[in-house]
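A.B. asks: Okay, so here is my_file20.txt, and as you'll see once you scroll down, it has compact mmCIF, C-alpha atoms.
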# COMPACT_ATOMS: atom_id res chain seq x y z
CA MET A 275 0.00 0.00 0.00
CA LYS A 276 2.81 2.42 0.88
CA LYS A 277 4.58 1.61 -2.40
CA GLN A 278 1.40 2.34 -4.40
CA PHE A 279 0.91 5.65 -2.60
CA TYR A 280 4.56 6.58 -3.24
CA ILE A 281 4.22 5.84 -6.97
CA LEU A 282 0.98 7.85 -7.27
CA ALA A 283 2.58 10.78 -5.48
CA LEU A 284 5.59 10.62 -7.81
CA LEU A 285 3.39 10.64 -10.89
CA PHE A 286 1.19 13.52 -9.73
CA ILE A 287 3.95 15.83 -8.53
CA SER A 288 6.40 15.10 -11.34
CA ARG A 289 3.85 15.38 -14.15
CA THR A 290 2.65 18.71 -12.75
CA ILE A 291 6.16 20.17 -12.65
CA PHE A 292 7.09 18.65 -16.01
CA ALA A 293 4.08 20.26 -17.69
CA GLN A 294 4.81 23.72 -16.30
CA LEU A 295 8.47 24.13 -17.31
CA ASP A 296 9.80 24.32 -20.86
CA VAL A 297 13.40 25.07 -19.88
CA SER A 298 14.43 24.29 -16.33
CA THR A 299 17.49 25.21 -14.28
CA ALA A 300 19.65 22.54 -12.69
CA LYS A 301 19.76 22.41 -8.90
CA TRP A 302 22.99 23.25 -7.09
CA LYS A 303 24.54 20.27 -5.32
CA SER A 304 27.99 20.46 -3.80
CA LYS A 305 28.61 16.73 -4.00
CA VAL A 306 26.83 13.64 -5.30
CA ILE A 307 28.18 10.15 -4.68
CA ILE A 308 27.61 8.06 -7.80
CA ASP A 309 26.42 4.78 -6.33
CA GLY A 310 22.90 4.30 -7.71
CA LYS A 311 21.42 5.45 -4.39
CA PRO A 312 19.33 8.66 -4.44
CA ASP A 313 20.48 9.82 -1.00
CA GLU A 314 21.60 13.27 -2.21
CA TRP A 315 18.49 13.90 -4.33
CA SER A 316 15.13 15.33 -3.33
CA LEU A 317 12.43 12.73 -3.91
CA PRO A 318 10.33 12.50 -5.88
CA LEU A 319 12.60 13.63 -8.71
CA GLY A 320 11.28 16.78 -10.34
CA PHE A 321 10.38 15.52 -13.82
CA TYR A 322 8.64 12.57 -15.42
CA ASN A 323 8.51 11.42 -19.05
CA THR A 324 5.65 9.13 -20.03
CA GLU A 325 7.27 7.61 -23.12
CA THR A 326 10.44 6.37 -21.39
CA LYS A 327 8.68 5.92 -18.02
CA LEU A 328 11.59 7.69 -16.35
CA PHE A 329 11.66 10.22 -13.54
CA PHE A 330 14.71 12.47 -13.75
CA ALA A 331 16.54 15.44 -12.24
CA VAL A 332 19.58 17.56 -13.13
CA ALA A 333 22.10 19.20 -10.80
CA ASN A 334 25.56 20.71 -10.93
CA ASP A 335 28.32 22.33 -8.91
CA SER A 336 31.39 24.27 -10.11
CA ASN A 337 33.06 21.13 -11.44
CA ASN A 338 30.46 18.51 -12.36
CA LEU A 339 27.10 17.91 -13.96
CA TYR A 340 24.94 15.32 -12.19
CA LEU A 341 22.03 13.41 -13.72
CA CYS A 342 19.63 11.11 -11.92
CA PHE A 343 16.96 8.86 -13.42
CA GLN A 344 14.52 6.55 -11.66
CA SER A 345 12.13 3.83 -12.83
CA ASN A 346 9.52 2.07 -10.72
CA ASP A 347 8.25 0.00 -13.66
CA GLU A 348 9.70 -3.52 -13.55
CA GLY A 349 9.18 -4.21 -17.26
CA ASN A 350 10.90 -0.94 -18.12
CA GLN A 351 13.84 -1.82 -15.89
CA VAL A 352 14.30 -5.16 -17.64
CA LYS A 353 14.02 -3.44 -21.03
CA ILE A 354 16.82 -1.01 -20.08
CA ASN A 355 18.99 -3.93 -18.95
CA VAL A 356 18.29 -6.00 -22.08
CA ALA A 357 18.32 -3.28 -24.76
CA GLY A 358 20.50 -0.56 -23.21
CA MET A 359 20.09 3.18 -22.84
CA SER A 360 21.91 6.28 -24.05
CA VAL A 361 22.17 9.82 -22.67
CA SER A 362 23.35 12.61 -25.00
CA LEU A 363 24.20 16.21 -24.11
CA SER A 364 24.66 19.06 -26.56
CA SER A 365 25.00 22.84 -26.49
CA LYS A 366 25.83 25.59 -28.99
CA GLY A 367 27.76 28.83 -28.85
CA LYS A 368 31.31 29.59 -27.71
CA HIS A 369 31.24 26.75 -25.17
CA ARG A 370 29.71 23.81 -26.95
CA CYS A 371 29.48 20.12 -26.18
CA ASN A 372 28.28 17.02 -27.98
CA ALA A 373 28.74 14.00 -25.74
CA THR A 374 27.00 10.62 -25.44
CA ILE A 375 27.03 7.95 -22.73
CA ASN A 376 25.83 4.44 -23.56
CA PHE A 377 25.03 2.58 -20.37
CA PRO A 378 24.15 -0.15 -19.73
CA LEU A 379 25.86 -1.96 -22.58
CA THR A 380 24.26 -5.05 -24.09
CA ASP A 381 27.16 -6.95 -25.70
CA LYS A 382 28.89 -9.97 -24.21
CA LYS A 383 26.48 -10.51 -21.34
CA SER A 384 23.44 -12.65 -20.64
CA ARG A 385 20.21 -10.91 -21.57
CA PHE A 386 18.65 -11.62 -18.21
CA ALA A 387 14.84 -11.91 -18.06
CA GLU A 388 14.34 -11.10 -21.75
CA ASP A 389 11.98 -14.05 -22.25
CA ASP A 390 10.02 -13.08 -19.13
CA LEU A 391 9.72 -9.53 -20.40
CA ILE A 392 8.39 -10.53 -23.82
CA ALA A 393 6.05 -13.16 -22.37
CA GLU A 394 4.78 -10.66 -19.79
CA LYS A 395 5.88 -12.80 -16.86
CA LYS A 396 6.89 -11.15 -13.62
CA PRO A 397 10.71 -10.97 -13.57
CA ASP A 398 12.80 -11.94 -10.56
CA MET A 399 13.96 -8.45 -9.62
CA ALA A 400 16.36 -9.61 -6.90
CA SER A 401 18.19 -11.77 -9.44
CA LEU A 402 18.09 -8.96 -11.99
CA LYS A 403 19.76 -6.60 -9.52
CA ASN A 404 22.53 -9.05 -8.60
CA THR A 405 23.15 -10.08 -12.21
CA PHE A 406 23.17 -6.50 -13.45
CA ILE A 407 25.73 -5.24 -10.93
CA LEU A 408 28.08 -8.13 -11.73
CA GLN A 409 27.86 -7.73 -15.51
CA ASN A 410 27.72 -3.97 -16.02
CA SER A 411 31.09 -2.48 -15.11
CA ASN A 412 31.74 -0.56 -18.36
CA MET A 413 30.14 2.18 -20.44
CA ASP A 414 30.76 3.43 -23.98
CA ILE A 415 31.25 7.19 -24.35
CA SER A 416 31.99 9.68 -27.13
CA GLY A 417 32.40 13.44 -27.51
CA PHE A 418 34.29 14.08 -24.27
CA ALA A 419 37.49 16.12 -24.04
CA SER A 420 39.93 13.38 -23.00
CA GLN A 421 38.05 10.08 -22.94
CA LYS A 422 36.28 7.99 -25.55
CA GLY A 423 35.31 4.39 -26.22
CA VAL A 424 34.63 1.76 -23.58
CA ILE A 425 35.73 2.85 -20.11
CA PRO A 426 34.97 1.69 -16.53
CA ILE A 427 31.88 3.15 -14.90
CA ASN A 428 34.13 4.44 -12.08
CA ASP A 429 36.71 5.92 -14.46
CA SER A 430 39.49 8.05 -12.96
CA SER A 431 38.54 10.93 -15.30
CA GLY A 432 35.49 11.53 -13.12
CA ILE A 433 33.04 10.33 -15.77
CA ASN A 434 31.08 7.92 -13.60
CA ALA A 435 27.85 5.94 -13.83
CA ALA A 436 25.94 3.63 -11.50
CA ILE A 437 22.62 1.78 -11.42
CA ASN A 438 21.19 0.23 -8.27
CA TRP A 439 17.88 -0.72 -6.66
CA ASN A 440 16.35 0.03 -3.25
CA GLN A 441 14.36 -2.41 -1.10
CA ASN A 442 11.20 -1.70 -3.14
CA PHE A 443 13.09 -2.42 -6.39
CA ILE A 444 12.89 1.16 -7.60
CA MET A 445 15.85 1.57 -9.94
CA THR A 446 18.12 4.61 -9.71
CA TYR A 447 20.56 5.55 -12.49
CA GLU A 448 23.17 8.25 -11.71
CA LEU A 449 25.77 10.01 -13.86
CA ARG A 450 28.61 12.39 -12.97
CA LEU A 451 30.08 14.29 -15.92
CA PRO A 452 32.99 16.69 -15.25
CA LEU A 453 32.33 20.07 -16.89
CA LYS A 454 35.93 20.14 -18.16
CA GLU A 455 35.20 16.90 -20.04
CA LEU A 456 32.10 18.46 -21.61
CA PHE A 457 33.37 22.00 -22.32
CA GLY A 458 37.17 21.77 -22.13
CA LYS A 459 39.55 22.53 -19.29
CA ASP A 460 39.39 26.32 -19.84
CA TYR A 461 35.66 26.62 -19.14
CA LYS A 462 34.32 29.08 -16.58
CA LEU A 463 31.00 28.30 -14.96
CA GLN A 464 29.79 31.90 -15.32
CA ASP A 465 30.33 31.65 -19.08
CA LEU A 466 28.18 28.51 -19.43
CA THR A 467 24.92 30.39 -19.79
CA LYS A 468 23.49 28.74 -22.91
CA THR A 469 20.87 26.03 -22.71
CA ILE A 470 22.04 22.43 -22.69
CA SER A 471 19.93 19.80 -24.46
CA ILE A 472 19.64 16.35 -22.97
CA GLU A 473 18.33 13.47 -25.07
CA VAL A 474 17.60 10.11 -23.48
CA GLU A 475 16.91 6.97 -25.50
CA VAL A 476 15.79 3.59 -24.18
CA ASN A 477 16.63 1.14 -26.94
CA ALA A 478 14.18 -1.33 -28.44
CA VAL A 479 14.18 -4.99 -27.50
CA THR A 480 14.94 -7.19 -30.53
CA GLU A 481 11.63 -8.42 -31.87
CA PRO A 482 11.16 -12.22 -31.88
CA GLN A 483 10.87 -13.92 -35.25
CA THR A 484 8.36 -16.65 -35.98
CA GLY A 485 8.28 -19.36 -38.64
CA GLY A 486 5.15 -19.95 -40.64
CA VAL A 487 2.18 -17.76 -41.44
CA ASP A 488 0.16 -18.87 -38.43
CA GLY A 489 2.93 -18.12 -35.94
CA SER A 490 2.73 -21.60 -34.47
CA GLN A 491 6.48 -22.19 -34.54
CA ALA A 492 8.36 -21.23 -31.38
CA ALA A 493 9.62 -17.64 -31.35
CA ILE A 494 13.36 -17.25 -31.45
CA ASN A 495 14.78 -14.31 -29.55
CA SER A 496 18.00 -12.47 -30.36
CA THR A 497 20.11 -14.84 -28.27
CA GLY A 498 18.90 -17.81 -30.34
CA VAL A 499 16.91 -19.34 -27.46
CA GLY A 500 13.42 -20.53 -28.32
CA ALA A 501 10.63 -18.85 -26.37
CA VAL A 502 8.10 -21.67 -26.72
CA GLY A 503 4.43 -20.82 -26.63
CA MET A 504 4.81 -17.06 -26.96
CA THR A 505 2.86 -16.91 -30.20
CA GLN A 506 0.26 -19.60 -29.54
CA GLY A 507 -3.20 -18.34 -30.44
CA MET A 508 -1.78 -15.38 -32.37
CA PRO A 509 -2.26 -14.96 -36.12
CA GLY A 510 1.36 -13.88 -36.60
CA THR A 511 3.93 -11.36 -35.47
CA GLY A 512 1.56 -8.47 -36.17
CA THR A 513 -0.52 -9.31 -33.11
CA LEU A 514 2.60 -9.85 -31.00
CA ARG A 515 3.93 -6.45 -32.06
CA LYS A 516 0.61 -4.76 -31.26
CA GLU A 517 0.44 -6.31 -27.81
CA ARG A 518 4.12 -5.71 -26.97
CA LYS A 519 4.70 -2.52 -28.99
CA PRO A 520 6.48 -0.55 -26.20
CA LEU A 521 9.12 -3.31 -25.99
CA PHE A 522 10.01 -3.30 -29.68
CA ASP A 523 10.14 0.47 -30.14
CA LYS A 524 12.86 2.88 -29.10
CA ASN A 525 11.57 5.39 -26.54
CA ARG A 526 13.11 8.83 -26.18
CA PHE A 527 12.71 12.31 -24.81
CA LYS A 528 14.60 15.56 -25.26
CA GLU A 529 14.65 18.48 -22.84
CA LYS A 530 16.65 21.66 -22.27
CA PHE A 531 18.08 23.11 -19.08
CA PHE A 532 20.43 25.78 -17.78
CA LEU A 533 23.33 25.12 -15.45
CA CYS A 534 22.93 26.58 -11.98
CA GLN A 535 25.34 29.37 -11.07
CA LYS A 536 26.94 29.10 -7.63
CA PRO A 537 24.57 30.52 -5.00
CA GLU A 538 25.91 33.50 -3.06
CA ALA A 539 26.79 32.80 0.55
CA LYS A 540 24.18 34.14 2.96
CA LYS A 541 25.35 36.96 5.16
CA GLN A 542 25.57 36.26 8.85
CA PHE A 543 23.98 38.77 11.20
Give the structure from this file in structure tokens form.

C.D. replies:
Amino acid sequence: MKKQFYILALLFISRTIFAQLDVSTAKWKSKVIIDGKPDEWSLPLGFYNTETKLFFAVANDSNNLYLCFQSNDEGNQVKINVAGMSVSLSSKGKHRCNATINFPLTDKKSRFAEDDLIAEKKPDMASLKNTFILQNSNMDISGFASQKGVIPINDSSGINAAINWNQNFIMTYELRLPLKELFGKDYKLQDLTKTISIEVEVNAVTEPQTGGVDGSQAAINSTGVGAVGMTQGMPGTGTLRKERKPLFDKNRFKEKFFLCQKPEAKKQF
């Protein structure tokens, strides 16, 4: 009951704020530990996107940009693990950036709970959490000042990522992106006054293929494992696609925000 109330509160508050702001300003945070735990963030997160089913918030200090995403939808969490997700940042003007983070990655790992997701079975979220943390230690990045390609999620450059779950299996995804990696080492925070665009994409799950017109043959997923019975009673993949359309489509959103300038210290009287 408490979990349902929490989710309804998140949806109401976040959708209200999301609808009111076209361009938001990041919050000032002096330090965020990138561990997939939302301890430093105000909950519920300030924004919600219906297509990706992600809550999100943006913050910065003088040195870093911080991003936080949350999902309370179990199917969406499995989709992100199976298909992957990308976060891109871009800005124009004198200080410009064009960087992308792909995390989690989907190559060379077991696609845990993919069959459950497609068959609409309830996934084992405890196993998903444990499997995910063991398998996802790298990210693929591009467009940064000094780093590119596949790097550790706790890279010494300060480009860091983490995904974790709380006791209610709400997933939190955090990113720390050094401003010098986005805008170059000679940036000055007071000069970063242009809007920054953030684009988030949750990739599509590979659509199962069936043999025969009637769809009676077992579906074969992208790992080559037969998902027996998934198409029984269906006239073909058209019905499967209609029923599972969110899984097989890429979901995205794009928003703009301003960096927060350092708040002035309050005078003591």

A.B. asks: Within 6 Å of Ala478 (chain A), counting all atoms listed in the file, which residues qualify if same-chain residues fewer than 5 places away don't, as a list in words?

C.D. replies: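 Residues meeting the cut-off are Ala357, Leu521, Phe522, Asp523 and Lys524 of chain A.
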
A.B. asks: Of the residues A:Val352, A:Ser362, A:Arg370, A:Tyr447, which is the one nearest to Trp315 (chain A), using only C-alpha atoms?

C.D. replies: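 For Trp315 (chain A), the nearest of the candidates is A:Tyr447.
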
A.B. asks: Taking into account only C-alpha atoms, which residue in the set A:Leu453, A:Val332, A:Leu466, A:Val474 is nearest to Val361 (chain A)?

C.D. replies: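 Nearest candidate to Val361 (chain A) out of A:Leu453, A:Val332, A:Leu466, A:Val474: A:Val474.
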
A.B. asks: Please report the interatomic distance between CA of Ser316 (chain A) and CA of Ala435 (chain A) in Å with one decimal.

C.D. replies: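 If I compute the distance from CA of Ser316 (chain A) to CA of Ala435 (chain A), I get 19.0 Å.
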
A.B. asks: Just to confirm, what's the straight-line distance from CA of Glu473 (chain A) to CA of Gly320 (chain A) in Å (one decimal)?

C.D. replies: 16.7 Å

A.B. asks: I need the residue nearest Val424 (chain A) from this list: A:Asn376, A:Ser401, A:Ser298, A:Asn355. Use only C-alpha atoms for the distance.

C.D. replies: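 Ranked by minimum distance to Val424 (chain A), first place goes to A:Asn376.
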
A.B. asks: How many Å lie between CA of Phe418 (chain A) and CA of Trp439 (chain A), rounded to one decimal?

C.D. replies: 28.3 Å

A.B. asks: Excluding Ser430 (chain A) and residues on its chain fewer than 2 positions from it, collect all residues at most 12 Å away from it, counting only C-alpha atoms, and give them as an NGL selection string.

C.D. replies: :A and (420-421 or 425-428 or 432-435 or 450-452)

A.B. asks: Determine, counting only C-alpha atoms, which protein, DNA and RNA residues have an atom within 7 Å of an atom of Arg526 (chain A); residues of the same chain fewer than 5 positions away are not included. Present the result as a count of residues only.

C.D. replies: 5

A.B. asks: Taking into account all atoms listed in the file, which residue in the set A:Gln351, A:Ser360, A:Thr480, A:Asn337 is nearest to Pro397 (chain A)?

C.D. replies: A:Gln351

A.B. asks: Counting all atoms listed in the file, which of A:Ala373, A:Ile472, A:Cys534, A:Ala436 gets nearest to Ile415 (chain A)?

C.D. replies: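 The shortest atom-to-atom distance to Ile415 (chain A) comes from A:Ala373.
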
A.B. asks: Identify which of the residues A:Lys468, A:Lys301, A:Lys396, A:His369 lies closest to Cys342 (chain A), counting only C-alpha atoms when measuring atom-to-atom distances.

C.D. replies: A:Lys301
